[in-house]
Each structure stands twice: as C-alpha cells, then as structure tokens.
Amino acid sequence: MFSIANREVAYLALFSKLTALGTFKLVTRRLKHWQDTAPEDQPALFMEHNGEVTQQVRGQPARVVLEVSLWIYVRSNGQEVGPVLNPILDVVSDALAPPKNGDHTQTLKGVVHHCWIEGQTQIFEGDLGEEAVAIIPVKLLVT
C-alpha cells in the first residue's frame with residue numbers, strides 16, 4: 001500500500017537531484033515570488049507540489065502520479081534572456097532525462113517508477129523588467 005512516507009521520499013529524491021546540479025544559487029521547496037528573491041540568490045529554483053492524480057483499474061494496484069512545478073528565476077542583467085535562461089533549462093532537462101541504457105526510465109536512483117517532464121514549460125522572458133521566469137511541469141510515478 002502506498003503511504004505518505006513514500007510521497008516524501010519521492011519529493012526528496014527529486015529535490016536532491018536538483019540541488020546536486022550546482023546550477024542554482026538557491027534551491028528550495030518553498031515557493032517565493034520573484035520580487036521577494038534577491039538578485040544575488042539567482043538563478044533560483046523552487047519546487048512546488050501541485051497535487052496528484054490517482055487512477056484505479058479494478059483488480060490492479062492504484063497508479064499514483066505526483067505533480068510538481070519547478071519555478072526558475074533568472075535575472076537577465078540587461079542581457080537578452082534566451083542566452084541566460086536556455087542553458088539552465090537544458091541542465092534541468094538533461095538531469096531529468098532517462099538514462100540511455102536500460103529501459104529509458106528516470107527512477108531517481110530507484111526511488112520512483114518514473115520521473116519526467118510533461119506538459120508546457122511556461123517561459124516569461126522579463127519583457128517588463130530584469131526577471132525571467134520558467135515553470136517546468138514534472139511528474140513522478142510512484143505506484
């Protein structure tokens with residue numbers, strides 16, 4: 001049976017993977033508004049829990065998918081945003097990509113059945129200021 005402890009282990013595995021990237025000056029599980037994030041703390045990554053989806057098929061275990069948004073804040077410092085933000089998006093995508101060997105499944109070192117980016121990554125290029133924001137949708141299949 002799936003338990004709350006398993007959820008936390010899954011979230012911690014994703015958070016640890018993102019923290020280990022070394023790309024971000026600030027990585028936290030508590031979302032803050034970009035106006036409340038100091039320039040010296042950027043690039044910053046925030047991991048937000050969005051909920052979960054449970055699918056039940058009679059006679060089979062429930063399939064539980066945890067949904068997370070990764071919020072990335074980058075200050076452009078007068079530069080074009082693309083050259084600042086795109087390499088950071090590449091690092092996150094590469095980190096969550098499945099390994100090329102085996103069954104092509106990202107398991108976060110065996111903690112989840114699969115972890116992947118799915119859906120539209122929203123990008124706000126800071127047209128009205130120095131702040132660029134990207135929101136990446138991530139899913140974690142835990143059962």
# chains A, B, ... in the order shown; residues from 1 in each chain; ligands from 1
>>> select_by_dssp(residues="region 69-107 of chain A", states="helix (DSSP H, G or I)", output="list in words")
Val81, Gly82, Pro83, Val84, Leu85, Asn86, Pro87, Ile88, Leu89, Asp90, Val91, Val92, Ser93, Asp94, Ala95 and Leu96 of chain A
>>> residues_around(residues="region 94-107 of chain A", least_positions_apart="3", cutoff="10 Å", atoms="only C-alpha atoms", output="list in words")
Ala10, Ala13, Leu14, Lys17, Leu18, Ala20, Leu21, Ile88, Leu89, Asp90, Val91, Gly110, Val111, Val112, His113, His114, Cys115, Trp116, Ile117, Val138, Leu140, Leu141 and Val142 of chain A
>>> closest_residue(among="A:Thr121, A:Thr37, A:Asn6, A:Gln60", to="Val92 (chain A)", atoms="only C-alpha atoms")
A:Thr121
>>> select_by_dssp(residues="region 32-133 of chain A", states="strand (DSSP E or B)", output="JSON, numbers by chain")
{"A": [44, 45, 46, 47, 48, 49, 50, 51, 52, 53, 54, 55, 63, 64, 65, 66, 67, 68, 69, 70, 71, 72, 73, 74, 75, 114, 115, 116, 117, 122, 123, 124, 131, 132, 133]}
>>> write_last_selection(atoms="C-alpha atoms", output="JSON list (two decimals), in the first residue's frame")
[["chain", "number", "residue", "atom", "x", "y", "z"],
["A", 44, "ALA", "CA", 16.95, 30.24, -8.19],
["A", 45, "LEU", "CA", 14.84, 27.09, -8.35],
["A", 46, "PHE", "CA", 11.67, 26.46, -6.35],
["A", 47, "MET", "CA", 9.91, 23.09, -6.23],
["A", 48, "GLU", "CA", 6.14, 23.39, -5.81],
["A", 49, "HIS", "CA", 3.81, 20.45, -5.17],
["A", 50, "ASN", "CA", 0.75, 20.76, -7.41],
["A", 51, "GLY", "CA", -1.22, 17.71, -6.35],
["A", 52, "GLU", "CA", -1.51, 14.14, -7.51],
["A", 53, "VAL", "CA", -3.59, 12.02, -9.83],
["A", 54, "THR", "CA", -4.72, 8.53, -8.85],
["A", 55, "GLN", "CA", -6.01, 6.10, -11.45],
["A", 63, "ARG", "CA", -1.45, 4.25, -10.21],
["A", 64, "VAL", "CA", -0.38, 7.42, -8.38],
["A", 65, "VAL", "CA", 1.36, 10.29, -10.18],
["A", 66, "LEU", "CA", 2.66, 13.22, -8.13],
["A", 67, "GLU", "CA", 2.69, 16.55, -9.95],
["A", 68, "VAL", "CA", 5.35, 19.19, -9.34],
["A", 69, "SER", "CA", 6.20, 22.55, -10.87],
["A", 70, "LEU", "CA", 9.80, 23.73, -10.98],
["A", 71, "TRP", "CA", 9.93, 27.52, -10.90],
["A", 72, "ILE", "CA", 13.17, 29.02, -12.16],
["A", 73, "TYR", "CA", 14.02, 32.69, -11.69],
["A", 74, "VAL", "CA", 16.87, 34.29, -13.57],
["A", 75, "ARG", "CA", 17.89, 37.92, -13.65],
["A", 114, "HIS", "CA", 9.50, 7.08, -13.38],
["A", 115, "CYS", "CA", 10.15, 10.85, -13.30],
["A", 116, "TRP", "CA", 9.66, 13.01, -16.37],
["A", 117, "ILE", "CA", 8.86, 16.46, -17.72],
["A", 122, "GLN", "CA", 5.92, 28.32, -19.46],
["A", 123, "ILE", "CA", 8.55, 30.97, -20.10],
["A", 124, "PHE", "CA", 8.25, 34.64, -19.23],
["A", 131, "GLU", "CA", 13.37, 38.99, -14.20],
["A", 132, "ALA", "CA", 12.89, 35.91, -16.38],
["A", 133, "VAL", "CA", 10.73, 33.04, -15.12]]
>>> atom_distance(atom1="CA of Lys32 (chain A)", atom2="CA of Pro87 (chain A)")
22.5 Å
